[in-house]
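Remarks on the structure that follows.
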Amino acid sequence: MSIFAGGYAGKILYVNLTDGSIEKRPLERDFALKYVGGRGFSSRILWDELETKTDPLSPDNRLIIAAGPLNGTPTPSASRLVVAAKSPLTGILGDTNSGGYFSPELKYSGFDAIVLRGRSSSPVYLWVRDGKAELRPAKHLWGHKISETNHLLKEELGDEDIHICAMGPAGENLVRYACVMTDGEGAGGRCGMGAVMGSKNLKAVAVRGSQDVGIADPRRFKEAVDAYRQTLEGEVWTDVLRRLGTANLVEHRQKLGIWGAKNFQRATIEGWEKISGEAFRERFLVKVMGCMGCMVRCRRYSAIKEGPFAPTYAKGPEYDSINPLGAKPYITDPAIILRAHYLCDEYGIDEQTAGSSIAMAMELYERGILTKEQVDGVELVFGNGEALLHFIEKIAYRKGFGDLLAEGTKIMGERLQADYYAIHVKGLEVDASDPRSLPTRALTYAVSTRGSCHLRGFPYIDEFIKPEEAKAYFGTEAVSNLKSLEGKGKMVAWSENWVTIPNLMGVCIFAWNRSRSFPMLIRRGLELMNEIFVATTGLPMTKEQLYHCGERVYNVEKLFNVREGCRRESDYPPRRFFEEELPDGPGKGSKLKREEYDQLLDEYYEARGWDKKTGIPNPETLKVLGVP
Amino acid sequence: MIRKRIAYFENRQDPEAVCSRCRMCELICAFHHHQVGNPGRACIRVISLGQGEDIPVTCLNCEKPPCMDICPTGALHRDESVGMVLVKKDLCIGCAMCVNVCPVGAVTLDLVEGVAAKCDLCGGDPQCVAYCPAKVLKLTDADQLARYRMKEFAKFMKTQVGEN
């Protein structure tokens, strides 16, 4: 029996792939209260168990698969899974987040998290069912793409309802940004967790369970869930996401001129209408989908039913498929983007780093830094969709020039002496948008604890917060002024702590943390979240304490990266954003100014209680948070 | 005799008005009946057929219910106040005869209690219907279903005539 009245399964599964030993350890109450679940568990376990400078592809690295306390309950959108390890792409803390059904099923199978270490001498998969776990041979699965792997596993285990977290050929070939795929639909894309699986000879983890996830106070739980559902009524963001998915952002990026197209050489795209959310809906959408318990339903199910790529069935595409596979390599044929997205999922490659790496190579080719001979005789110019599809496959098998592309932009930049064109922070490519005209976004990307990431903070608050709200929360009305930098460091730090909370709970940020009303961010993202957590687990927690859990986890992640050598200089955006102006669009002429950025970073460190010179958390800060 | 049942109404012309496999129906059913999170204990299931086909399945509320007729202990009985076959848990011996004969697989043995479990329409206010985000589950009856089908057929006929 679990010591918890609800929410937690109460057990963590430890697997040593080297000697095949499997151990179940109880989840401690104090650990749950301080780190909650999901990313909190994974970050803290990585900090505790890894030695400094561990080679990410060595047996010493850990692979952690973690659910949150709300996964498995009818909490809306409680579908998210965290997969974490030291990243082979960045060399710092790595984690990735996937929706779907795996995370709830992990809970039904009796575990809150799985911690894997070591390396198996031959390919294996882990089969977890109702409190039991075993390693089984996976030689027959090796070499198979994601959908084939899933099919073979379901057949072998004789159960269509298992849920699978697998890596594809790219993981086997240690592509530094190989991803993990849950049920072939949900990509845990970033940071190369698939390569870590590959290095461990672990093809897949399959889970199935019939155990209850308890709910400590059902009546209170239902009231809180119903209150949450009400907050979604009339939420514009929800309607837009359901209609167009994350691809709704295409129009937004074009209007603001923040695409980062052509490897950040253009801010807008000619012919962007062809790859808009509306265009994908019109041409390819079969139906909208929802991850486990989702009311927003931003997931797409798409099909190419005619033309050279027919038939292609795929979940997606997301905005974060269209940006790296469309904008960055400057491709406006939506069928090519959807096909490329499908191939990335099948081979198990993070499409963001893949698209970024290919786009970087396109720029280097056009600039004459890469010769045609070096790129396997391919005319590797922007807009060449065939080249994109060609190299996605080459990357997965590390063939020809794909072998260098498989390293990601940071290493490509080093090897080709062209690091100026590698647009990354701490080794993770800049995704989502070009922040040159929006310094608070640049700050968010640059200080993120997993390398550049647009989901590690929520710097958009200054677009809608009211002056009086800004004064109350951040001490200055200036935060409500889009042009002002005052208070923005504090705002970014606050948003990082706050946006971490859904990652701890296992819920989706699109459902919980998206609104253009600041009071709603508090109401839904903190108050109701905390209320549901307390009703589910029966643990004592206030919304202030929950916020501090977010802050605590962020600090542990920072400590991990500091231990690996990250300092203040690691928290700067790529040089291009300081040196080149945006060439077109509404932000034309904008670039980051070093003194402004210095000032933002100073204020951010101050808000965090980190040393301004080094970026290292002050001892007093850690003491207050009870870290480590 | 008009019997209520939960039916799946999709509209294939509208990508938002089909089952989106969020499985909220399963989650809320298990929560309503057992106060836990566990879709394995739900009396409605979303069946995935691949390539975007997902269909929720639950009890049809038959007029001549094979599950009740075959029950050797009388545990499955018709409760006329709800108009539904219900389970007397204390009488059920968990033989699974009902599971065997249900034409749609809507009767199961509860994973924890081991006795027959089936849809009870939540006493008249089915939670799966209330919580379905796509609003494709409806509490209806055969008469309304037939009307719906007729209307779909009529619309189809109209398009045929229109083409000529």
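Note on naming: chains are A, B, ... as they come in the structure tokens, residues start from 1 per chain, ligands start from 1 in the order shown.
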Taking only residues of chain B that have an atom at most 6 Å from an atom of chain A, what is each one's shortest atom pair and its distance in Å to one decimal, using only C-alpha atoms, in chain and number order, as a tab-separated table?
residue	atom	partner	partner_atom	distance
B:Pro15	CA	A:Lys287	CA	4.0
B:Glu16	CA	A:Val288	CA	5.5
B:Ser20	CA	A:Met289	CA	4.1
B:Arg21	CA	A:Gly290	CA	5.9
B:Cys22	CA	A:Gly290	CA	4.5
B:Arg23	CA	A:Gly293	CA	5.8
B:Met24	CA	A:Gly293	CA	4.5
B:Leu27	CA	A:Pro74	CA	5.2
B:Gln35	CA	A:Pro218	CA	6.0
B:Val36	CA	A:Gly214	CA	5.0
B:Gly37	CA	A:Thr73	CA	4.2
B:Asn38	CA	A:Asp212	CA	5.2
B:Gly40	CA	A:Ser210	CA	5.9
B:Pro133	CA	A:Met295	CA	5.4
Just want the 9 Å neighbourhood of region 35-50 of chain A, counted on only C-alpha atoms, with same-chain residues fewer than 6 positions away dropped. Output as a ChimeraX atom specification.
/A:8,60-69,80-86,93-97,112-113,115,500-506,546,549-550,552-554,556-557,559-560,628
With DSSP run on the backbone, what are the strand (DSSP E or B) residues within region 222-451 of chain A? I'd like them as a list of chain:residue names.
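Residues meeting the strand (DSSP E or B) criterion: A:Arg266, A:Leu285, A:Val286, A:Lys287, A:Val288, A:Met289, A:Arg299, A:Arg300, A:Tyr301, A:Ser302, A:Ala303, A:Ile304, A:Thr312, A:Tyr313, A:Ala314, A:Lys315, A:Ile349, A:His424, A:Val425, A:Leu428, A:Glu429, A:Thr449, A:Gly451.
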Residues within 9 Å of region 130-142 of chain A, please, as a PyMOL selection string. Count only C-alpha atoms; anything in the same chain fewer than 3 positions from it doesn't count.
chain A and resi 11+13+15+17+20+22+24+108-111+122-127+145+148-149+152-153+168-169+172+201-204+207-211
Might you pull out every residue within 12 Å of Pro308 (chain A), with only C-alpha atoms counted and same-chain residues fewer than 4 positions away left off, and present them as JSON, numbers by chain?
{"A": [304, 312, 335, 336, 339, 386]}
Just write the chosen residues, N, CA and C atoms, as an mmCIF file, in the first residue's frame.
data_model
loop_
_atom_site.group_PDB
_atom_site.id
_atom_site.type_symbol
_atom_site.label_atom_id
_atom_site.label_comp_id
_atom_site.auth_asym_id
_atom_site.auth_seq_id
_atom_site.Cartn_x
_atom_site.Cartn_y
_atom_site.Cartn_z
ATOM 1 N N ILE A 304 -2.138 12.785 -45.933
ATOM 2 C CA ILE A 304 -1.925 13.185 -47.328
ATOM 3 C C ILE A 304 -2.551 12.078 -48.164
ATOM 4 N N THR A 312 0.070 9.211 -46.564
ATOM 5 C CA THR A 312 0.814 9.497 -45.341
ATOM 6 C C THR A 312 -0.187 9.854 -44.254
ATOM 7 N N ALA A 335 2.773 19.938 -48.157
ATOM 8 C CA ALA A 335 2.868 18.479 -48.247
ATOM 9 C C ALA A 335 4.284 18.023 -47.891
ATOM 10 N N ILE A 336 5.281 18.795 -48.317
ATOM 11 C CA ILE A 336 6.666 18.432 -47.974
ATOM 12 C C ILE A 336 6.887 18.566 -46.465
ATOM 13 N N ARG A 339 5.177 15.661 -44.763
ATOM 14 C CA ARG A 339 5.925 14.436 -45.019
ATOM 15 C C ARG A 339 7.236 14.411 -44.199
ATOM 16 N N GLU A 386 13.215 18.513 -51.576
ATOM 17 C CA GLU A 386 13.755 17.164 -51.775
ATOM 18 C C GLU A 386 15.005 16.957 -50.940
#
Using DSSP on the backbone coordinates, identify all residues within region 268-472 of chain A classified as alpha helix (DSSP H); present the result as a PyMOL selection string.
chain A and resi 277-284+319-322+334-347+351-366+385-396+402-405+409-415+439-447+467-472
Residues at most 6 Å from region 116-128 of chain B, counting only C-alpha atoms, excluding those fewer than 3 positions away in the same chain, as a VMD selection string?
chain B and resid 25 43 59 107 to 110 131 to 132
Tell me which protein, DNA and RNA residues are within 9 Å of Pro324 (chain A), counting only C-alpha atoms, leaving out same-chain ones fewer than 6 positions away, and put them as an MDAnalysis selection string.
chainID A and resid 261 330 351:356 359 431:432
Quick one: pull the distance between CA of Gln545 (chain A) and CA of Gly609 (chain A), Å, one decimal.
17.6 Å
In terms of only C-alpha atoms, the residue from B:Val18, B:Gln13, B:Pro39, B:Val99 at minimal distance from Ile55 (chain B) is B:Val18
When you look at Ile70 (chain B) with a cut-off of 7 Å (counting only C-alpha atoms), what residues show up, excluding the ones that are within fewer than 3 positions of it in the same chain? I need them as a PyMOL selection string.
chain B and resi 66-67+97-98
Please produce an output containing C-alpha atoms for each residue in the selection, written as a short mmCIF file (atom, residue, chain, number, x, y, z; two decimals), in the first residue's frame.
data_model
loop_
_atom_site.label_atom_id
_atom_site.label_comp_id
_atom_site.auth_asym_id
_atom_site.auth_seq_id
_atom_site.Cartn_x
_atom_site.Cartn_y
_atom_site.Cartn_z
CA PRO B 66 -28.96 -11.38 -23.13
CA CYS B 67 -26.81 -10.41 -20.13
CA MET B 97 -21.67 -15.36 -18.56
CA CYS B 98 -23.03 -11.85 -19.16
#
For CA of Thr159 (chain B) and CA of Glu10 (chain B), the interatomic separation in Å (one decimal):
19.3 Å
Could you check which of B:Glu80, B:Pro56, B:Met150, B:Met157 is closest to Arg3 (chain B), using only C-alpha atoms?
B:Glu80
If you measure from CA of Lys262 (chain A) to CA of Pro329 (chain A), what distance in Å do you get, rounded to one decimal?
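Rounded to one decimal, the two atoms are 5.5 Å apart.
For the residues B:Ile93, B:Val129, B:Val112, B:Val85, ranking by smallest atom-to-atom distance to Glu26 (chain B) using only C-alpha atoms places B:Val129 first.
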Between A:Lys305, A:Ser147, A:Lys394, A:Asp159, which one has atoms that come closest to Tyr342 (chain A), using only C-alpha atoms?
A:Ser147
